[in-house]
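Worksheet: one structure, shown below.
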Amino acid sequence: MKLRILALLAALLMGAAAPAIAQTAPRAPSVAEEMEVQALLRGGSIQGRITIPDEKAATLIQPEGREWREFHNITLAWVGGIAVLGMLAILLVFRMTKGRIPIEGGPSGRTIQRFNTLERANHWMVASCFIILALSGLNLTFGRHILLPIVGPEAFTAISQWGKYAHNFLAFPFTLGLVVMLLIWLKDNIPNGRDIAWFKAGGGLIGNEHLEAGRFNGGQKMVFWITVLGGAVVAVSGYLLVFPFFFTGMEGMQLSHIIHSLLSVLMIAAMLAHIYIGSVGMDGAFDAMGTGQVDLNWAKQHHGLWVQEELAKGRAAAPPPGAKASGAD
Amino acid sequence: MARMKFLLDAERCIECNACVTACKNEHEVPWGINRRRVVTINDGKPGERSISMACMHCTDAPCAAVCPVSCFYTTADAVVLHDKDLCIGCGYCFYACPFGAPQYPRLGNFGSRGKMDKCTFCAGGPQADNTQAEYIQYGSNRLAEGKLPLCAEMCSTKALLAGDGQIIASIYRERVQRRGYGTGAWGWRTAYRETVAI
Ligand code: HEM
Ligand code: SF4
Ligand code: SF4
């Protein structure tokens with residue numbers, strides 16, 4: 001490899017030193033070869049003039065495609081595979097060693113409203129779009145190695161074509177949901193000193209101490225910012241891909257794809273952890289986004305400060321159904 | 001079996017675009033799609049050269065490597081073809097192709113692309129040779145008739161050569177030796193990882 005680069009460099013230097021001779025001497029490096037060698041060394045493209053109304057066609061050779069191929073076939077596959085499978089493995093180990101995190105002192109039977117209808121509807125819109133975007137995206141990266149051999153080429157094309165339509169259209173509700181999420185949850189997600197203490201103590205997941213947290217704890221704030229900021233970059237790079245060559249040229253398209261797909265697989269890994277802790281990983285957590293009502297003991301355990309605020313406001317802590325007001329007997 | 005290649009001798013190309021027109025007409029390529037094009041480099045400056053470029057039918061083709069539905073195949077003549085019934089129009093082959101060969105009709109939502117179209121080396125597609133179905137999707141299949149690509153056949157200066165790589169390389173080598181200079185085989189290093197040894 002080294003030798004080849006040296007040979008290329010030598011050819012380049014000879015060409016640069018004697019451009020006039022190169023035209024006539026039979027053994028001197030030729031114009032075409034020289035330009036191609038230069039383009040390969042610099043990684044830049046060879047541009048010309050074209051008489052058809054397609055600017056892209058004026059690029060004669062673009063060696064950048066080689067790096068993009070390398071990225072798509074090797075880097076992305078490895079990063080994506082490790083991120084997704086690695087996270088699943090971590091969660092499995094976690095589940096087996098730590099088990100399901102229980103509600104301290106058991107459920108109280110009294111509930112408190114945690115998320116209203118708008119908050120829950122928006123969360124599920126973003127979540128369902130995300131899952132379909134993630135599956136249709138991962139299908140483009142891994143489908144031909146995993147799904148194609150199982151279902152065969154025709155069925156796989158049908159799946160991928162529908163996946164592409166879904167990916168393109170669901171991008172819009174997904175982005176809208178992110179904006180709404182930012183508007184309704186921003187005020188509760190400003191990082192503060194308590195979050196640092198929360199992380200230092202290992203969070204609610206690893207640590208066992210009782211940690212004080214407001215409406216959202218450090219970990220949840222992190223999920224919020226990964227979703228909003230990561231989602232914004234994924235959305236912008238995604239729209240550049242949906243409208244090919246409208247806003248940018250070849251290099252811009254390749255770069256958009258690299259940013260989009262890398263960030264996407266990392267977000268998928270982060271969201272797997274989020275889904276785990278919100279469902280099978282912790283007693284009482286799912287209700288927050290399910291019915292919107294959480295058990296008071298769960299709320300006190302994980303969001304003590306928030307419960308105090310809510311109680312101070314006089315809302316919340318609905319008695320269990322069938323409970324009688326004191327003195328009613 | 002032959003290893004089919006294109007070779008453009010830029011000392012001879014006069015940018016007449018006959019190859020472009022021949023290709024369009026032979027395969028009834030739709031408006032807006034160019035399987036072949038002529039690019040002029042150093043336009044109006046010393047060292048100006050015109051190069052007719054289409055799919056080079058690469059060795060270890062980048063387009064085939066990145067296609068998420070794996071719809072490419074290489075024929076016994078080393079011609080790189082694809083199955084339009086399987087293509088989803090994702091555009092990845094265009095990002096990977098060094099020569100900008102893949103083309104897309106724009107149809108459907110947003111800027112989304114239709115099924116990819118590119119030079120077939122006049123070898124049609126996966127359908128049965130020289131059927132109506134093959135013609136509509138891929139154009140004519142001259143190779144199956146024992147003919148070579150029409151662009152090269154039509155080239156008035158024989159700047160564009162198409163055929164068995166060894167034969168066209170020897171034709172080109174002979175030319176360079178006779179006239180004493182050459183501009184090299186355009187794109188060969190990139191497409192075939194070799195050049196014509198003079
Ligand atoms: C929010 C707006 C989004 C837009 C506009 C968008 C658009 C796109 C487009 C146009 C492509 C190129 C492939 C194709 O044309 O089908 C793509 C690829 C991809 N998208 Fe998205 N996307 C969005 C969100 C997401 C999200 C949220 C995820 C993951 C959770 C995701 C994961 C992926 C992946 C992994 C790929 C690349 C797969 C590969 O190249 O191997 N996308 N996206
Ligand atoms: S020139 Fe482009 S389309 Fe043709 S085989 Fe090479 S990479 Fe594929
Ligand atoms: S546009 Fe078609 S041929 Fe090209 S990579 Fe995508 S699916 Fe494959």
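Residues are referred to by chain and number: the chain letter is A, B, ... according to the order shown in the structure tokens, the number counts from 1 in that chain, and ligands are numbered separately from 1 in the order shown.
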Nearby residues, ligand 2, 8 Å, only C-alpha atoms and all ligand atoms, as a compact mmCIF listing (two decimals) with N, CA and C atoms, in the first residue's frame:
```
# COMPACT_ATOMS: atom_id res chain seq x y z
N ALA B 54 -20.03 7.08 -19.20
CA ALA B 54 -21.25 6.37 -18.79
C ALA B 54 -20.83 5.42 -17.69
N CYS B 55 -21.69 4.50 -17.34
CA CYS B 55 -21.30 3.46 -16.39
C CYS B 55 -20.10 2.73 -16.95
N MET B 56 -19.08 2.53 -16.12
CA MET B 56 -17.85 1.86 -16.58
C MET B 56 -17.88 0.36 -16.33
N HIS B 57 -18.91 -0.13 -15.70
CA HIS B 57 -19.03 -1.56 -15.38
C HIS B 57 -17.81 -2.01 -14.59
N CYS B 58 -17.72 -1.37 -13.42
CA CYS B 58 -16.55 -1.50 -12.54
C CYS B 58 -16.29 -2.93 -12.08
N THR B 59 -15.03 -3.17 -11.77
CA THR B 59 -14.63 -4.36 -11.03
C THR B 59 -14.98 -4.09 -9.58
N ALA B 61 -17.94 -3.56 -8.17
CA ALA B 61 -18.72 -2.34 -8.38
C ALA B 61 -19.24 -1.73 -7.07
N PRO B 62 -18.93 -0.44 -6.85
CA PRO B 62 -19.40 0.24 -5.64
C PRO B 62 -20.93 0.28 -5.53
N CYS B 63 -21.61 0.48 -6.67
CA CYS B 63 -23.08 0.55 -6.64
C CYS B 63 -23.65 -0.73 -6.06
N ALA B 64 -23.14 -1.87 -6.53
CA ALA B 64 -23.65 -3.16 -6.07
C ALA B 64 -23.35 -3.35 -4.59
N VAL B 79 -20.47 -7.33 -17.25
CA VAL B 79 -21.30 -6.15 -17.36
C VAL B 79 -22.13 -6.04 -16.08
N VAL B 80 -22.15 -4.83 -15.47
CA VAL B 80 -22.88 -4.65 -14.21
C VAL B 80 -24.31 -4.22 -14.53
N LEU B 81 -25.27 -5.08 -14.21
CA LEU B 81 -26.69 -4.79 -14.48
C LEU B 81 -27.47 -4.83 -13.18
N CYS B 93 -26.74 4.11 -4.75
CA CYS B 93 -25.75 3.77 -5.78
C CYS B 93 -25.13 5.04 -6.37
N PHE B 94 -25.95 6.12 -6.44
CA PHE B 94 -25.41 7.37 -6.97
C PHE B 94 -24.38 7.99 -6.03
N ALA B 96 -22.36 6.31 -4.19
CA ALA B 96 -21.16 5.48 -4.18
C ALA B 96 -20.45 5.48 -5.53
N CYS B 97 -21.20 5.66 -6.62
CA CYS B 97 -20.62 5.53 -7.96
C CYS B 97 -19.60 6.64 -8.23
N PRO B 98 -18.37 6.29 -8.64
CA PRO B 98 -17.38 7.33 -8.91
C PRO B 98 -17.69 8.15 -10.17
N PHE B 99 -18.52 7.62 -11.06
CA PHE B 99 -18.73 8.28 -12.36
C PHE B 99 -20.11 8.90 -12.53
N GLY B 100 -20.89 8.97 -11.49
CA GLY B 100 -22.21 9.60 -11.59
C GLY B 100 -23.12 8.90 -12.58
N ALA B 101 -22.96 7.58 -12.72
CA ALA B 101 -23.72 6.86 -13.74
C ALA B 101 -25.20 6.65 -13.42
N PRO B 102 -25.57 6.28 -12.19
CA PRO B 102 -26.99 6.01 -11.94
C PRO B 102 -27.85 7.27 -12.11
N LYS B 118 -29.50 3.13 -15.69
CA LYS B 118 -28.11 3.43 -16.07
C LYS B 118 -27.75 2.65 -17.32
N CYS B 119 -26.56 2.97 -17.83
CA CYS B 119 -26.03 2.26 -19.00
C CYS B 119 -25.99 0.77 -18.74
N ALA B 191 -12.07 2.53 -12.08
CA ALA B 191 -13.07 1.48 -12.33
C ALA B 191 -12.47 0.08 -12.30
```
Would you give me, as an mmCIF file with N, CA and C atoms, in the first residue's frame, the residues in region 75-205 of chain A that DSSP reads as strand (DSSP E or B)?
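After the write, out-v5.cif holds the following:
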```cif
data_model
loop_
_atom_site.group_PDB
_atom_site.id
_atom_site.type_symbol
_atom_site.label_atom_id
_atom_site.label_comp_id
_atom_site.auth_asym_id
_atom_site.auth_seq_id
_atom_site.Cartn_x
_atom_site.Cartn_y
_atom_site.Cartn_z
ATOM 1 N N ILE A 101 -37.080 -3.135 39.348
ATOM 2 C CA ILE A 101 -36.979 -2.224 40.492
ATOM 3 C C ILE A 101 -38.372 -2.055 41.117
ATOM 4 N N THR A 111 -53.304 7.407 43.861
ATOM 5 C CA THR A 111 -52.545 7.823 42.683
ATOM 6 C C THR A 111 -52.473 9.340 42.569
ATOM 7 N N ILE A 112 -51.541 9.760 41.727
ATOM 8 C CA ILE A 112 -51.352 11.190 41.471
ATOM 9 C C ILE A 112 -51.188 11.354 39.960
ATOM 10 N N GLN A 113 -51.775 12.414 39.407
ATOM 11 C CA GLN A 113 -51.704 12.622 37.951
ATOM 12 C C GLN A 113 -50.306 13.083 37.561
#
```
I need the residue nearest ligand 1 from this list: A:His302, A:His167, A:Arg110, A:Lys187. Use only C-alpha atoms and all ligand atoms for the distance. A:His167
Excluding region 154-166 of chain B and any residue of its chain fewer than 4 positions from it, enumerate the residues within 10 Å of it, using only C-alpha atoms, and give them as a count of residues only. 37
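Residue list for chain B within 6 Å of chain A: Val39, Thr40, Ile41, Pro68, Val69, Leu86, Ile88, Tyr95, Ala96, Cys97, Pro98, Phe99, Gly111, Gly180, Tyr181, Thr183, Gly184 and Trp186 of chain B, counting only C-alpha atoms.
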Go ahead and save the picked residues with all heavy atoms, as a CSV table (one decimal), in the first residue's frame.
```csv
chain,number,residue,atom,x,y,z
B,39,VAL,N,-18.4,15.3,-20.9
B,39,VAL,CA,-17.9,16.3,-20.0
B,39,VAL,C,-16.7,16.9,-20.6
B,39,VAL,O,-15.8,16.2,-21.0
B,39,VAL,CB,-17.6,15.7,-18.6
B,39,VAL,CG1,-17.1,16.8,-17.6
B,39,VAL,CG2,-18.9,15.1,-18.0
B,40,THR,N,-16.6,18.2,-20.6
B,40,THR,CA,-15.4,18.9,-21.1
B,40,THR,C,-14.6,19.5,-19.9
B,40,THR,O,-15.2,20.3,-19.1
B,40,THR,CB,-15.8,20.0,-22.1
B,40,THR,OG1,-16.5,19.4,-23.1
B,40,THR,CG2,-14.5,20.7,-22.7
B,41,ILE,N,-13.4,19.1,-19.8
B,41,ILE,CA,-12.6,19.6,-18.7
B,41,ILE,C,-11.6,20.6,-19.2
B,41,ILE,O,-11.2,20.6,-20.4
B,41,ILE,CB,-11.8,18.5,-17.9
B,41,ILE,CG1,-11.1,17.6,-18.9
B,41,ILE,CG2,-12.8,17.7,-17.1
B,41,ILE,CD1,-10.2,16.6,-18.2
B,68,PRO,N,-29.1,-1.4,-0.8
B,68,PRO,CA,-29.7,-2.0,0.3
B,68,PRO,C,-30.6,-3.2,0.0
B,68,PRO,O,-30.9,-4.0,0.9
B,68,PRO,CB,-30.5,-0.9,1.0
B,68,PRO,CG,-30.6,0.2,0.0
B,68,PRO,CD,-29.5,0.0,-1.0
B,69,VAL,N,-31.0,-3.3,-1.3
B,69,VAL,CA,-31.8,-4.4,-1.6
B,69,VAL,C,-31.1,-5.4,-2.5
B,69,VAL,O,-31.7,-6.4,-3.0
B,69,VAL,CB,-33.2,-4.0,-2.3
B,69,VAL,CG1,-34.0,-3.2,-1.4
B,69,VAL,CG2,-32.9,-3.2,-3.6
B,86,LEU,N,-36.7,-4.8,-8.4
B,86,LEU,CA,-36.2,-4.9,-7.0
B,86,LEU,C,-35.8,-3.5,-6.5
B,86,LEU,O,-35.8,-3.3,-5.3
B,86,LEU,CB,-35.1,-5.9,-6.8
B,86,LEU,CG,-35.5,-7.3,-7.2
B,86,LEU,CD1,-34.3,-8.2,-7.0
B,86,LEU,CD2,-36.7,-7.8,-6.4
B,88,ILE,N,-35.5,0.2,-5.1
B,88,ILE,CA,-36.5,1.0,-4.4
B,88,ILE,C,-36.2,2.5,-4.6
B,88,ILE,O,-36.8,3.3,-3.9
B,88,ILE,CB,-36.5,0.7,-2.8
B,88,ILE,CG1,-35.1,0.9,-2.2
B,88,ILE,CG2,-37.0,-0.7,-2.6
B,88,ILE,CD1,-35.1,0.9,-0.7
B,95,TYR,N,-24.6,7.8,-4.7
B,95,TYR,CA,-23.6,8.3,-3.8
B,95,TYR,C,-22.3,7.6,-3.9
B,95,TYR,O,-21.2,8.1,-3.6
B,95,TYR,CB,-24.1,8.2,-2.3
B,95,TYR,CG,-25.4,9.0,-2.0
B,95,TYR,CD1,-26.3,8.5,-1.1
B,95,TYR,CD2,-25.8,10.1,-2.7
B,95,TYR,CE1,-27.5,9.2,-0.8
B,95,TYR,CE2,-26.9,10.8,-2.5
B,95,TYR,CZ,-27.8,10.3,-1.5
B,95,TYR,OH,-29.0,10.9,-1.2
B,96,ALA,N,-22.4,6.3,-4.2
B,96,ALA,CA,-21.2,5.5,-4.2
B,96,ALA,C,-20.4,5.5,-5.5
B,96,ALA,O,-19.2,5.3,-5.6
B,96,ALA,CB,-21.5,4.1,-3.8
B,97,CYS,N,-21.2,5.7,-6.6
B,97,CYS,CA,-20.6,5.5,-8.0
B,97,CYS,C,-19.6,6.6,-8.2
B,97,CYS,O,-19.9,7.8,-8.1
B,97,CYS,CB,-21.7,5.6,-9.0
B,97,CYS,SG,-21.1,5.7,-10.7
B,98,PRO,N,-18.4,6.3,-8.6
B,98,PRO,CA,-17.4,7.3,-8.9
B,98,PRO,C,-17.7,8.1,-10.2
B,98,PRO,O,-17.2,9.2,-10.3
B,98,PRO,CB,-16.1,6.6,-9.1
B,98,PRO,CG,-16.4,5.1,-9.2
B,98,PRO,CD,-17.8,4.9,-8.8
B,99,PHE,N,-18.5,7.6,-11.1
B,99,PHE,CA,-18.7,8.3,-12.4
B,99,PHE,C,-20.1,8.9,-12.5
B,99,PHE,O,-20.5,9.3,-13.6
B,99,PHE,CB,-18.5,7.3,-13.5
B,99,PHE,CG,-17.1,6.6,-13.4
B,99,PHE,CD1,-17.0,5.3,-13.0
B,99,PHE,CD2,-16.0,7.4,-13.7
B,99,PHE,CE1,-15.7,4.7,-12.9
B,99,PHE,CE2,-14.7,6.8,-13.6
B,99,PHE,CZ,-14.6,5.5,-13.2
B,111,GLY,N,-38.9,14.8,-3.1
B,111,GLY,CA,-37.9,14.7,-4.2
B,111,GLY,C,-37.6,13.3,-4.5
B,111,GLY,O,-36.6,13.0,-5.0
B,180,GLY,N,2.6,8.8,-30.7
B,180,GLY,CA,3.6,9.2,-29.7
B,180,GLY,C,3.1,9.8,-28.5
B,180,GLY,O,3.9,10.3,-27.6
B,181,TYR,N,1.8,9.9,-28.3
B,181,TYR,CA,1.3,10.5,-27.0
B,181,TYR,C,-0.1,9.9,-26.8
B,181,TYR,O,-0.7,9.4,-27.7
B,181,TYR,CB,1.3,12.0,-27.0
B,181,TYR,CG,0.5,12.6,-28.2
B,181,TYR,CD1,-0.8,12.9,-28.0
B,181,TYR,CD2,1.2,12.9,-29.4
B,181,TYR,CE1,-1.5,13.4,-29.1
B,181,TYR,CE2,0.5,13.4,-30.4
B,181,TYR,CZ,-0.9,13.6,-30.3
B,181,TYR,OH,-1.6,14.1,-31.3
B,183,THR,N,-3.7,10.4,-23.8
B,183,THR,CA,-4.2,11.0,-22.5
B,183,THR,C,-4.6,10.0,-21.5
B,183,THR,O,-5.2,10.3,-20.5
B,183,THR,CB,-5.3,11.9,-22.8
B,183,THR,OG1,-6.2,11.3,-23.8
B,183,THR,CG2,-4.9,13.3,-23.3
B,184,GLY,N,-4.3,8.7,-21.8
B,184,GLY,CA,-4.6,7.7,-20.8
B,184,GLY,C,-6.0,7.2,-20.9
B,184,GLY,O,-6.9,7.9,-21.5
B,186,TRP,N,-9.4,7.0,-19.6
B,186,TRP,CA,-10.2,7.7,-18.6
B,186,TRP,C,-10.9,6.8,-17.6
B,186,TRP,O,-11.7,6.0,-18.1
B,186,TRP,CB,-11.2,8.6,-19.3
B,186,TRP,CG,-10.5,10.0,-19.4
B,186,TRP,CD1,-9.9,10.5,-20.5
B,186,TRP,CD2,-10.4,10.9,-18.4
B,186,TRP,NE1,-9.4,11.7,-20.2
B,186,TRP,CE2,-9.7,12.0,-18.9
B,186,TRP,CE3,-10.8,11.0,-17.1
B,186,TRP,CZ2,-9.3,13.1,-18.2
B,186,TRP,CZ3,-10.5,12.1,-16.3
B,186,TRP,CH2,-9.8,13.2,-16.9
```
If DSSP is run on the backbone, what residues of region 47-82 of chain A are helix (DSSP H, G or I)? A reply as a ChimeraX atom specification would be ideal. /A:55-58,64-82
What's the 12 Å shell around region 291-298 of chain A, counting only C-alpha atoms, without same-chain residues fewer than 2 positions away, as an NGL selection string? :A and (101-121 or 123 or 204 or 282-289 or 300-304 or 306-308 or 310-311 or 316-320)
Per residue of chain B within 8 Å of ligand 1, which atom pair is closest and at what distance in Å (one decimal), using only C-alpha atoms and all ligand atoms, listed by chain and increasing number, as a tab-separated table?
```
residue	atom	partner	partner_atom_place_in_ligand_line	distance
B:Pro68	CA	ligand 1	41 (O)	7.2
B:Gly89	CA	ligand 1	15 (O)	7.6
B:Cys90	CA	ligand 1	15 (O)	4.6
B:Gly91	CA	ligand 1	15 (O)	7.0
B:Tyr92	CA	ligand 1	13 (C)	7.9
B:Ser112	CA	ligand 1	15 (O)	7.5
```
Restricting the output to all heavy atoms, write the selected residues as a PDB file, in the first residue's frame.
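Final file, result-v8.pdb:
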```pdb
ATOM      1  N   PRO B  68     -29.074  -1.360  -0.817  1.00  0.00           N
ATOM      2  CA  PRO B  68     -29.685  -2.004   0.350  1.00  0.00           C
ATOM      3  C   PRO B  68     -30.594  -3.178  -0.001  1.00  0.00           C
ATOM      4  O   PRO B  68     -30.933  -3.956   0.878  1.00  0.00           O
ATOM      5  CB  PRO B  68     -30.474  -0.880   1.029  1.00  0.00           C
ATOM      6  CG  PRO B  68     -30.619   0.174   0.012  1.00  0.00           C
ATOM      7  CD  PRO B  68     -29.520   0.021  -0.982  1.00  0.00           C
ATOM      8  N   GLY B  89     -35.218   2.810  -5.403  1.00  0.00           N
ATOM      9  CA  GLY B  89     -34.930   4.216  -5.694  1.00  0.00           C
ATOM     10  C   GLY B  89     -34.384   4.993  -4.513  1.00  0.00           C
ATOM     11  O   GLY B  89     -34.707   6.157  -4.309  1.00  0.00           O
ATOM     12  N   CYS B  90     -33.516   4.373  -3.714  1.00  0.00           N
ATOM     13  CA  CYS B  90     -32.995   5.052  -2.526  1.00  0.00           C
ATOM     14  C   CYS B  90     -31.893   6.031  -2.892  1.00  0.00           C
ATOM     15  O   CYS B  90     -31.592   6.945  -2.125  1.00  0.00           O
ATOM     16  CB  CYS B  90     -32.466   4.037  -1.521  1.00  0.00           C
ATOM     17  SG  CYS B  90     -30.985   3.185  -2.089  1.00  0.00           S
ATOM     18  N   GLY B  91     -31.248   5.846  -4.033  1.00  0.00           N
ATOM     19  CA  GLY B  91     -30.211   6.783  -4.453  1.00  0.00           C
ATOM     20  C   GLY B  91     -28.826   6.465  -3.929  1.00  0.00           C
ATOM     21  O   GLY B  91     -27.877   7.209  -4.188  1.00  0.00           O
ATOM     22  N   TYR B  92     -28.681   5.373  -3.175  1.00  0.00           N
ATOM     23  CA  TYR B  92     -27.380   5.067  -2.586  1.00  0.00           C
ATOM     24  C   TYR B  92     -26.318   4.773  -3.652  1.00  0.00           C
ATOM     25  O   TYR B  92     -25.157   5.119  -3.485  1.00  0.00           O
ATOM     26  CB  TYR B  92     -27.487   3.868  -1.629  1.00  0.00           C
ATOM     27  CG  TYR B  92     -28.108   4.208  -0.300  1.00  0.00           C
ATOM     28  CD1 TYR B  92     -28.708   5.453  -0.088  1.00  0.00           C
ATOM     29  CD2 TYR B  92     -28.091   3.317   0.743  1.00  0.00           C
ATOM     30  CE1 TYR B  92     -29.281   5.766   1.128  1.00  0.00           C
ATOM     31  CE2 TYR B  92     -28.650   3.621   1.971  1.00  0.00           C
ATOM     32  CZ  TYR B  92     -29.249   4.848   2.158  1.00  0.00           C
ATOM     33  OH  TYR B  92     -29.809   5.147   3.363  1.00  0.00           O
ATOM     34  N   SER B 112     -38.556  12.381  -4.202  1.00  0.00           N
ATOM     35  CA  SER B 112     -38.183  10.966  -4.216  1.00  0.00           C
ATOM     36  C   SER B 112     -38.004  10.447  -5.631  1.00  0.00           C
ATOM     37  O   SER B 112     -38.654  10.886  -6.571  1.00  0.00           O
ATOM     38  CB  SER B 112     -39.194  10.123  -3.459  1.00  0.00           C
ATOM     39  OG  SER B 112     -40.206   9.680  -4.331  1.00  0.00           O
TER      40      SER B 112
END
```
Rounded to one decimal place, report the CA of Met181 (chain A)-CA of Ile132 (chain A) distance in Å.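 A separation of 18.7 Å between them.
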From the options B:Glu48, B:Glu145, B:Glu15, B:Asp85, which residue's atoms come nearest to ligand 3, counting only C-alpha atoms and all ligand atoms? B:Asp85
Two-atom distance - CA of Asp188 (chain A), CA of Leu170 (chain A) (Å):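 Value for the CA of Asp188 (chain A)-CA of Leu170 (chain A) distance: 27.2 Å.
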Met87 (chain A) proximity check over A:Val265, A:Leu183, A:Leu305, A:Val228, using only C-alpha atoms: winner is A:Val265
Residues within 9 Å of Val29 (chain B), only C-alpha atoms, excluding chain neighbours under 5 positions, as JSON, numbers by chain: {"B": [23, 24, 34, 35, 117, 138, 139]}
Could you name the residues that touch Glu194 (chain B) at 10 Å or less, counting only C-alpha atoms, but leaving out those on the same chain fewer than 6 positions away, as an mmCIF file with N, CA and C atoms, in the first residue's frame?
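Writing the result to part-v3.cif gives the following:
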```
data_model
loop_
_atom_site.group_PDB
_atom_site.id
_atom_site.type_symbol
_atom_site.label_atom_id
_atom_site.label_comp_id
_atom_site.auth_asym_id
_atom_site.auth_seq_id
_atom_site.Cartn_x
_atom_site.Cartn_y
_atom_site.Cartn_z
ATOM 1 N N ALA B 185 -6.266 6.130 -20.274
ATOM 2 C CA ALA B 185 -7.601 5.543 -20.333
ATOM 3 C C ALA B 185 -8.440 6.138 -19.223
ATOM 4 N N GLY B 187 -10.657 6.983 -16.371
ATOM 5 C CA GLY B 187 -11.404 6.265 -15.341
ATOM 6 C C GLY B 187 -10.964 4.833 -15.116
ATOM 7 N N TRP B 188 -10.000 4.360 -15.881
ATOM 8 C CA TRP B 188 -9.623 2.949 -15.736
ATOM 9 C C TRP B 188 -9.065 2.642 -14.363
#
```
